[in-house]
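Visitor: Here you go, start-v9.csv (CSV, C-alpha atoms and all ligand atoms):
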```
chain,number,residue,atom,x,y,z
A,260,MET,CA,3.9,-23.3,2.6
A,261,GLN,CA,3.7,-21.5,-0.8
A,262,LYS,CA,1.6,-18.4,-0.6
A,263,THR,CA,-0.1,-16.2,-3.2
A,264,ILE,CA,1.1,-12.6,-2.7
A,265,LEU,CA,0.1,-9.4,-4.4
A,266,ILE,CA,2.5,-6.4,-4.1
A,267,THR,CA,1.5,-3.1,-5.6
A,268,GLY,CA,4.1,-0.6,-6.8
A,269,SER,CA,6.6,-3.4,-7.3
A,270,THR,CA,8.4,-2.2,-10.3
A,271,ASP,CA,10.8,-0.1,-8.2
A,272,GLY,CA,12.0,0.6,-4.6
A,273,ILE,CA,11.1,-1.5,-1.6
A,274,GLY,CA,8.2,-3.2,-3.5
A,275,LYS,CA,10.6,-4.6,-6.0
A,276,LEU,CA,13.1,-5.7,-3.4
A,277,VAL,CA,10.5,-7.5,-1.3
A,278,SER,CA,9.1,-9.2,-4.5
A,279,VAL,CA,12.6,-10.7,-5.1
A,280,LYS,CA,12.8,-12.0,-1.5
A,281,LEU,CA,9.3,-13.5,-1.6
A,282,ALA,CA,9.8,-15.0,-5.1
A,283,GLY,CA,13.1,-16.4,-3.9
A,284,ASP,CA,11.2,-18.3,-1.2
A,285,GLY,CA,9.1,-20.0,-3.9
A,286,HIS,CA,5.8,-18.1,-3.3
A,287,SER,CA,3.5,-17.1,-6.2
A,288,VAL,CA,4.2,-13.4,-6.5
A,289,TYR,CA,1.9,-11.1,-8.4
A,290,MET,CA,3.6,-7.7,-9.1
A,291,HIS,CA,1.9,-4.5,-10.2
A,292,GLY,CA,3.1,-1.5,-12.2
A,293,ARG,CA,1.7,1.4,-14.1
A,294,HIS,CA,3.8,0.9,-17.2
A,295,PRO,CA,3.4,-2.4,-19.0
A,296,GLU,CA,7.1,-2.5,-20.3
A,297,LYS,CA,8.6,-1.7,-16.9
A,298,LEU,CA,6.3,-4.3,-15.3
A,299,SER,CA,7.2,-7.1,-17.7
A,300,SER,CA,10.9,-6.3,-17.5
A,301,ALA,CA,10.7,-6.5,-13.6
A,302,ILE,CA,8.9,-9.8,-13.8
A,303,SER,CA,11.5,-11.3,-16.2
A,304,GLU,CA,14.3,-10.0,-14.0
A,305,ILE,CA,12.8,-11.5,-10.9
A,306,LYS,CA,12.1,-14.8,-12.6
A,307,SER,CA,15.7,-15.0,-13.7
A,308,ILE,CA,17.2,-14.0,-10.4
A,309,THR,CA,15.0,-16.3,-8.3
A,310,LYS,CA,14.5,-19.2,-10.8
A,311,ASN,CA,10.8,-19.0,-9.8
A,312,ASP,CA,8.4,-19.1,-12.7
A,313,ASN,CA,5.4,-18.3,-10.6
A,314,VAL,CA,5.8,-14.5,-10.9
A,315,ASP,CA,3.2,-12.5,-12.9
A,316,GLY,CA,1.7,-9.1,-12.7
A,317,PHE,CA,-1.1,-6.6,-13.3
A,318,VAL,CA,-1.1,-3.2,-14.8
A,319,ALA,CA,-3.0,-0.1,-13.6
A,320,ASP,CA,-2.1,3.5,-13.1
A,321,PHE,CA,-3.3,4.1,-9.6
A,322,SER,CA,-4.0,7.8,-10.3
A,323,ASP,CA,-6.9,6.5,-12.3
A,324,LEU,CA,-9.5,4.8,-10.1
A,325,ASP,CA,-11.3,3.3,-13.2
A,326,ALA,CA,-8.0,1.5,-14.0
A,327,VAL,CA,-7.8,0.3,-10.4
A,328,ASN,CA,-11.4,-1.0,-10.7
A,329,LYS,CA,-10.5,-2.9,-13.9
A,330,MET,CA,-7.4,-4.3,-12.3
A,331,ALA,CA,-9.4,-5.6,-9.3
A,332,ASP,CA,-11.8,-7.3,-11.7
A,333,GLN,CA,-8.9,-8.9,-13.6
A,334,ILE,CA,-7.5,-10.2,-10.3
A,335,ASN,CA,-10.9,-11.6,-9.2
A,336,GLN,CA,-11.0,-13.4,-12.6
A,337,ASP,CA,-7.5,-14.8,-12.6
A,338,LEU,CA,-6.7,-15.7,-9.0
A,339,LEU,CA,-8.4,-18.3,-6.8
A,340,LYS,CA,-7.2,-16.7,-3.5
A,341,ILE,CA,-4.8,-14.1,-2.1
A,342,ASP,CA,-2.9,-14.8,1.2
A,343,ILE,CA,-1.1,-11.5,1.4
A,344,ILE,CA,-1.6,-8.1,-0.2
A,345,ILE,CA,1.1,-5.4,0.3
A,346,ASN,CA,-0.4,-2.0,-0.6
A,347,ASN,CA,2.9,-0.4,-1.3
A,348,ALA,CA,2.4,1.8,-4.4
A,349,GLY,CA,2.9,5.4,-3.4
A,350,ILE,CA,3.8,8.8,-4.7
A,351,PHE,CA,5.2,12.0,-3.2
A,352,LYS,CA,6.6,14.2,-5.9
A,353,SER,CA,4.5,14.3,-9.1
A,354,SER,CA,4.3,16.5,-12.1
A,355,GLU,CA,0.5,16.2,-12.0
A,356,ILE,CA,-1.3,17.6,-9.0
A,357,ASN,CA,-4.9,16.3,-9.6
A,358,ASP,CA,-6.5,13.3,-11.2
A,359,LYS,CA,-9.1,13.6,-14.0
A,360,ASN,CA,-11.8,14.2,-11.4
A,361,GLY,CA,-9.9,17.1,-9.7
A,362,LEU,CA,-8.8,15.0,-6.7
A,363,ASP,CA,-5.3,15.4,-5.2
A,364,ILE,CA,-3.1,12.8,-6.9
A,365,ARG,CA,-1.4,11.8,-3.5
A,366,PHE,CA,-4.8,11.0,-1.9
A,367,VAL,CA,-5.8,9.0,-5.0
A,368,VAL,CA,-2.6,6.9,-5.4
A,369,ASN,CA,-1.7,6.5,-1.7
A,370,TYR,CA,-5.2,6.1,-0.2
A,371,LEU,CA,-8.2,5.8,-2.5
A,372,ALA,CA,-6.5,3.3,-4.9
A,373,PRO,CA,-5.5,0.8,-2.2
A,374,TYR,CA,-8.8,1.3,-0.5
A,375,LEU,CA,-10.7,0.4,-3.7
A,376,LEU,CA,-8.4,-2.5,-4.7
A,377,THR,CA,-8.5,-4.1,-1.3
A,378,ASP,CA,-12.2,-3.7,-0.9
A,379,LYS,CA,-12.7,-5.6,-4.1
A,380,VAL,CA,-10.3,-8.4,-3.4
A,381,ILE,CA,-11.5,-9.1,0.2
A,382,PRO,CA,-13.4,-12.2,-1.0
A,383,LEU,CA,-10.1,-13.6,-2.3
A,384,LEU,CA,-8.3,-12.8,1.0
A,385,LYS,CA,-11.1,-14.6,2.8
A,386,LYS,CA,-10.0,-17.8,0.9
A,387,GLY,CA,-6.4,-17.3,1.9
A,388,ALA,CA,-4.4,-19.0,4.7
A,389,ASP,CA,-3.4,-16.7,7.6
A,390,PRO,CA,-4.4,-13.7,5.3
A,391,ARG,CA,-2.6,-10.4,5.9
A,392,ILE,CA,-3.0,-6.9,4.5
A,393,ILE,CA,0.1,-4.8,4.9
A,394,ASN,CA,-0.5,-1.0,4.2
A,395,LEU,CA,2.4,1.3,3.6
A,396,SER,CA,2.1,4.2,6.0
A,397,SER,CA,4.8,6.7,6.9
A,398,ALA,CA,6.2,8.6,9.8
A,399,ALA,CA,4.7,11.6,8.0
A,400,GLN,CA,1.0,11.6,9.2
A,401,SER,CA,-1.2,14.7,9.4
A,402,THR,CA,-4.9,15.3,10.2
A,403,VAL,CA,-7.0,14.8,7.1
A,404,SER,CA,-8.7,17.8,5.6
A,405,HIS,CA,-12.0,16.6,4.2
A,406,GLU,CA,-12.1,19.7,1.9
A,407,ALA,CA,-8.7,18.6,0.4
A,408,LEU,CA,-9.7,14.9,0.2
A,409,LEU,CA,-12.8,16.0,-1.7
A,410,GLY,CA,-10.6,18.1,-4.1
A,411,LYS,CA,-12.0,21.4,-2.8
A,412,ALA,CA,-8.8,22.7,-1.2
A,413,ASN,CA,-5.1,22.6,-2.3
A,414,LEU,CA,-2.3,21.4,-0.1
A,415,SER,CA,1.5,21.3,-0.5
A,416,GLU,CA,3.0,18.0,-1.7
A,417,SER,CA,4.3,17.2,1.7
A,418,GLU,CA,1.0,18.0,3.5
A,419,SER,CA,-1.1,16.0,1.1
A,420,TYR,CA,1.4,13.1,1.3
A,421,ALA,CA,1.2,13.1,5.1
A,422,GLN,CA,-2.6,13.4,5.1
A,423,SER,CA,-2.9,10.5,2.6
A,424,LYS,CA,-0.7,8.3,4.8
A,425,LEU,CA,-2.8,9.1,7.9
A,426,ALA,CA,-6.0,8.4,6.0
A,427,LEU,CA,-4.5,5.0,5.0
A,428,THR,CA,-3.6,4.3,8.6
A,429,MET,CA,-7.0,5.2,9.9
A,430,TRP,CA,-8.6,3.0,7.3
A,431,SER,CA,-6.2,0.1,8.3
A,432,PHE,CA,-7.4,0.2,11.9
A,433,TYR,CA,-11.1,0.4,10.7
A,434,LEU,CA,-10.6,-2.6,8.5
A,435,ALA,CA,-8.8,-4.6,11.2
A,436,GLU,CA,-11.9,-4.1,13.4
A,437,LYS,CA,-14.3,-5.1,10.6
A,438,LEU,CA,-12.3,-8.1,9.3
A,439,GLN,CA,-11.9,-10.4,12.3
A,440,ASP,CA,-10.4,-13.2,10.1
A,441,ILE,CA,-7.9,-11.0,8.1
A,442,ALA,CA,-4.9,-9.3,9.8
A,443,VAL,CA,-4.3,-5.6,8.9
A,444,ILE,CA,-1.1,-3.8,9.7
A,445,ALA,CA,0.0,-0.3,8.8
A,446,VAL,CA,3.7,0.2,8.6
A,447,ASN,CA,6.2,3.0,8.3
A,448,PRO,CA,9.0,1.1,6.5
A,449,GLY,CA,11.6,3.5,7.8
A,450,SER,CA,12.2,7.2,7.0
A,451,LEU,CA,14.2,8.3,4.1
A,452,LEU,CA,15.1,4.9,2.7
A,453,ASN,CA,17.3,5.0,-0.4
A,454,THR,CA,14.6,4.8,-3.1
A,455,LYS,CA,13.5,7.0,-6.0
A,456,MET,CA,10.7,8.6,-3.8
A,457,ALA,CA,12.9,9.7,-0.9
A,458,VAL,CA,15.7,10.9,-3.2
A,459,GLN,CA,13.3,12.9,-5.4
A,460,ALA,CA,11.5,14.4,-2.4
A,461,TYR,CA,14.5,15.2,-0.1
A,462,GLY,CA,17.6,14.8,-2.2
A,463,ARG,CA,19.1,12.4,0.4
A,464,TYR,CA,18.5,9.2,2.3
A,465,TRP,CA,19.2,7.9,5.8
A,466,SER,CA,18.9,4.1,5.4
A,467,SER,CA,19.2,1.4,2.8
A,468,ALA,CA,16.1,0.4,0.9
A,469,ASP,CA,16.7,-3.1,2.2
A,470,LYS,CA,15.6,-1.9,5.6
A,471,GLY,CA,12.1,-1.3,4.3
A,472,ALA,CA,12.0,-4.5,2.2
A,473,ASP,CA,13.1,-6.6,5.2
A,474,ILE,CA,10.3,-5.4,7.4
A,475,LEU,CA,7.7,-5.8,4.7
A,476,TYR,CA,8.9,-9.4,4.2
A,477,ASP,CA,8.7,-10.1,7.9
A,478,LEU,CA,5.3,-8.6,8.4
A,479,ALA,CA,4.0,-10.5,5.4
A,480,VAL,CA,5.2,-14.0,6.0
A,481,SER,CA,7.0,-14.5,9.3
A,482,GLU,CA,5.3,-16.6,12.0
A,483,GLY,CA,6.5,-14.1,14.5
A,484,TYR,CA,4.0,-11.5,13.3
A,485,LYS,CA,1.1,-13.9,13.0
A,486,GLY,CA,-1.9,-12.8,15.1
A,487,PHE,CA,-1.0,-9.1,15.1
A,488,THR,CA,-3.8,-6.9,13.7
A,489,GLY,CA,-5.0,-3.3,13.9
A,490,LYS,CA,-1.5,-2.1,14.7
A,491,TYR,CA,1.1,0.4,13.4
A,492,PHE,CA,4.6,-0.9,13.0
A,493,ASP,CA,7.2,2.0,13.2
A,494,ASN,CA,10.4,0.7,11.6
A,495,ASP,CA,12.2,3.9,12.7
A,496,LYS,CA,12.0,2.3,16.1
A,497,GLY,CA,11.9,-1.3,15.0
A,498,SER,CA,8.7,-2.1,16.9
A,499,PHE,CA,4.9,-1.6,17.0
A,500,GLY,CA,4.1,1.9,18.3
A,501,PRO,CA,1.5,4.6,18.3
A,502,ALA,CA,0.3,6.1,15.1
A,503,HIS,CA,-1.1,9.7,14.9
A,504,PRO,CA,-3.9,10.2,17.5
A,505,ASP,CA,-6.5,10.5,14.8
A,506,ALA,CA,-6.0,6.9,14.0
A,507,TYR,CA,-7.6,6.0,17.3
A,508,ASN,CA,-10.5,8.5,17.1
A,509,LYS,CA,-13.7,6.6,16.1
A,510,THR,CA,-15.5,9.8,15.2
A,511,GLN,CA,-12.7,10.9,12.8
A,512,ILE,CA,-12.5,7.4,11.3
A,513,ASP,CA,-16.2,7.1,10.7
A,514,LYS,CA,-16.2,10.5,9.0
A,515,LEU,CA,-13.2,9.5,6.8
A,516,ILE,CA,-14.8,6.2,5.8
A,517,HIS,CA,-18.1,8.0,5.0
A,518,THR,CA,-16.3,10.6,2.8
A,519,THR,CA,-14.2,7.8,1.2
A,520,ARG,CA,-17.3,5.7,0.3
A,521,HIS,CA,-18.8,8.8,-1.3
A,522,LEU,CA,-15.7,9.4,-3.4
A,523,ILE,CA,-15.3,5.7,-4.4
B,601,LIG,N1,11.3,5.6,0.9
B,601,LIG,C1,11.0,6.0,2.1
B,601,LIG,O1,11.8,6.6,2.8
B,601,LIG,C2,9.6,5.8,2.6
B,601,LIG,C3,9.2,6.2,3.9
B,601,LIG,C4,7.9,5.9,4.3
B,601,LIG,C5,7.0,5.3,3.5
B,601,LIG,N2,7.4,4.9,2.2
B,601,LIG,C6,6.3,4.3,1.4
B,601,LIG,O2,6.8,3.1,0.9
B,601,LIG,C7,6.2,2.8,-0.4
B,601,LIG,C8,7.2,2.5,-1.4
B,601,LIG,O3,7.9,3.6,-1.7
B,601,LIG,P1,9.5,3.6,-2.2
B,601,LIG,O4,10.3,4.3,-1.2
B,601,LIG,O5,9.9,2.2,-2.6
B,601,LIG,O6,9.3,4.5,-3.5
B,601,LIG,P2,9.5,4.3,-5.1
B,601,LIG,O7,10.9,3.6,-5.3
B,601,LIG,O8,9.3,5.6,-5.7
B,601,LIG,O9,8.4,3.2,-5.5
B,601,LIG,C9,7.1,3.5,-5.5
B,601,LIG,C10,6.3,2.5,-6.3
B,601,LIG,O10,5.0,3.0,-6.5
B,601,LIG,C11,4.7,3.0,-7.9
B,601,LIG,N3,3.8,4.1,-8.2
B,601,LIG,C12,3.9,5.4,-8.1
B,601,LIG,N4,2.9,6.1,-8.6
B,601,LIG,C13,2.1,5.1,-9.2
B,601,LIG,C14,0.8,5.2,-9.9
B,601,LIG,N5,0.3,6.3,-10.2
B,601,LIG,N6,0.3,4.0,-10.3
B,601,LIG,C15,0.9,2.8,-10.0
B,601,LIG,N7,2.0,2.7,-9.3
B,601,LIG,C16,2.6,3.8,-8.9
B,601,LIG,C17,6.0,3.2,-8.5
B,601,LIG,O11,5.9,2.9,-9.9
B,601,LIG,P3,7.1,3.2,-11.0
B,601,LIG,O12,8.1,2.1,-10.9
B,601,LIG,O13,6.3,3.2,-12.3
B,601,LIG,O14,7.6,4.6,-10.6
B,601,LIG,C18,6.9,2.3,-7.7
B,601,LIG,O15,6.8,1.0,-8.1
B,601,LIG,C19,5.3,4.1,-0.7
B,601,LIG,O16,4.0,3.9,-0.4
B,601,LIG,C20,5.9,5.1,0.2
B,601,LIG,O17,5.0,6.2,0.5
B,601,LIG,C21,8.6,5.2,1.7
```
Let's see the structure in the file written out as structure tokens.
Ligand SMILES: NC(=O)c1ccc[n+]([C@@H]2O[C@H](COP(=O)([O-])OP(=O)(O)OC[C@H]3O[C@@H](n4cnc5c(N)ncnc54)[C@H](OP(=O)(O)O)[C@@H]3O)[C@@H](O)[C@H]2O)c1

Guide:
Amino acid sequence: MQKTILITGSTDGIGKLVSVKLAGDGHSVYMHGRHPEKLSSAISEIKSITKNDNVDGFVADFSDLDAVNKMADQINQDLLKIDIIINNAGIFKSSEINDKNGLDIRFVVNYLAPYLLTDKVIPLLKKGADPRIINLSSAAQSTVSHEALLGKANLSESESYAQSKLALTMWSFYLAEKLQDIAVIAVNPGSLLNTKMAVQAYGRYWSSADKGADILYDLAVSEGYKGFTGKYFDNDKGSFGPAHPDAYNKTQIDKLIHTTRHLI
């Protein structure tokens, strides 16, 4: 069955690779990028590789929540439904530390932007068949500092990255409880995959980028993962497994969602 699939951060890395796989199957694929030229060139490339004309895209810089809001409005205007959203866009190294409101850029791009976008397209997901939300977490997860999330304390790049990924994982579990009819999975696609992010952050890689794209593809469309929700898939182990303990702490989750709503 042809599905409507939105993949954020699909102009590079594992997001682009999984877009090729999904478009190759004949699905309607909506890509996303922050640079219009890079996005249109990725769309043309994927159309040409897959011979699938149902590939399109949306532009928004996720370090700007106003732009994310506008993109969500555009999606609600243009699409009739979404079957799958893969919240893949993410940042580790960045020349900018804060957004225009003084918030840490990694919290904004990796957590607040997907939170806002997903929140606004839930009505479209409710119209989807076997709808799934796949959120890109990481093996790096660290207890969220509310001071840092609010932009009142500075963290190192690696610490704010790990905190943003735990925030996304905690929100994923919260959403899974709330949305009985939409599956929500958080996934570590594999550590140090061969992409721009890993190479910029660590100067090396352990595994091919295809390892990450393959698990995103399976979690998104395979029958084998139908019915799984509120879980963390750890692709370093190749199975579902435990996330950071805070992701199972209701008090911490409620506090996080409260602060997030305030920020959004
Ligand atoms: N690689 C790993 O080892 C690894 C491990 C665990 C988790 N992950 C997660 O997997 C996801 C994909 O990462 P990747 O390894 O494929 O890295 P990547 O090659 O650097 O791709 C990241 C994607 O996010 C987009 N992006 C970054 N900042 C953005 C912004 N401000 N607005 C909009 N889009 C933005 C990038 O756009 P541009 O094309 O414009 O740069 C790119 O398309 C991320 O969420 C990452 O945290 C990766």

Visitor: Using all atoms listed in the file, find each residue with an atom at most 7 Å away from ligand LIG 601 (chain B) and format the answer as a ChimeraX atom specification.

Guide: /A:267-274,292-294,319-322,347-351,368-369,395-398,447-457

Visitor: Considering only C-alpha atoms, tabulate each residue of range 383-415 of chain A that lies at most 8 Å from range 475-491 of chain A along with its nearest interatomic pair and the corresponding distance in Å to one decimal; arrange the rows by chain and ascending residue number and present them as CSV.

Guide:
```
residue,atom,partner,partner_atom,distance
A:Asp389,CA,A:Lys485,CA,7.6
A:Arg391,CA,A:Ala479,CA,6.6
A:Ile392,CA,A:Ala479,CA,7.9
A:Ile393,CA,A:Ala479,CA,6.9
```

Visitor: So that I can check the surroundings of Val288 in chain A, please list as a PyMOL selection string every protein, DNA and RNA residue that reaches within 12 Å of it, counting all atoms listed in the file and ignoring chain neighbours fewer than 2 positions away.

Guide: chain A and resi 261-267+269+274-275+277-286+290-291+301-302+305-306+309+311-317+338+341-345

Visitor: Find, counting only C-alpha atoms, the residue in A:Ser466, A:Ser404, A:Asn346, A:Asn413 that gets nearest to Ser431 in chain A.

Guide: A:Asn346

Visitor: Record the distance separating CA of Leu362 in chain A and CA of Lys437 in chain A, expressed in Å with one decimal.

Guide: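 Straight-line distance from CA of Leu362 in chain A to CA of Lys437 in chain A works out to 27.1 Å.
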
Visitor: Please return, as a list in words, all polymer residues that have at least one atom within 12 Å of the point (-10.8, -15.5, 10.7); use only C-alpha atoms and the file's own coordinate frame.

Guide: Leu384, Lys385, Lys386, Gly387, Ala388, Asp389, Pro390, Arg391, Ala435, Glu436, Lys437, Leu438, Gln439, Asp440, Ile441, Ala442, Val443, Gly486 and Thr488 of chain A

Visitor: If I take CA of Lys340 in chain A and CA of Ser287 in chain A, how far is one from the other in Å, to one decimal?

Guide: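 Taking CA of Lys340 in chain A as the start and CA of Ser287 in chain A as the end point, the length is 11.0 Å.
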
Visitor: For the atom pair CA of Ser423 in chain A and CA of Val318 in chain A, what is the interatomic distance in Å to one decimal place?

Guide: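 Going from CA of Ser423 in chain A over to CA of Val318 in chain A, I get 22.2 Å.
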
Visitor: Would you mind telling me which residue in A:Arg520, A:Gly471, A:Ala421, A:Val446 lies nearest to Gly500 in chain A when using all atoms listed in the file?

Guide: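 Smallest separation from Gly500 in chain A among the options: A:Val446.
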
Visitor: Of the candidates A:Glu418, A:Ile334, A:Gln459, A:Leu427, which shows the shortest atom-to-atom distance to Ser354 in chain A, using all atoms listed in the file?

Guide: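 Closest residue, counting all atoms listed in the file: A:Gln459.
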
Visitor: Is there a way to get, as a PyMOL selection string, all residues within 10 Å of the point (-3.8, 15.1, -7.4) in file coordinates, counting only C-alpha atoms?

Guide: chain A and resi 322+353-368+407-408+410+413-414+416+419
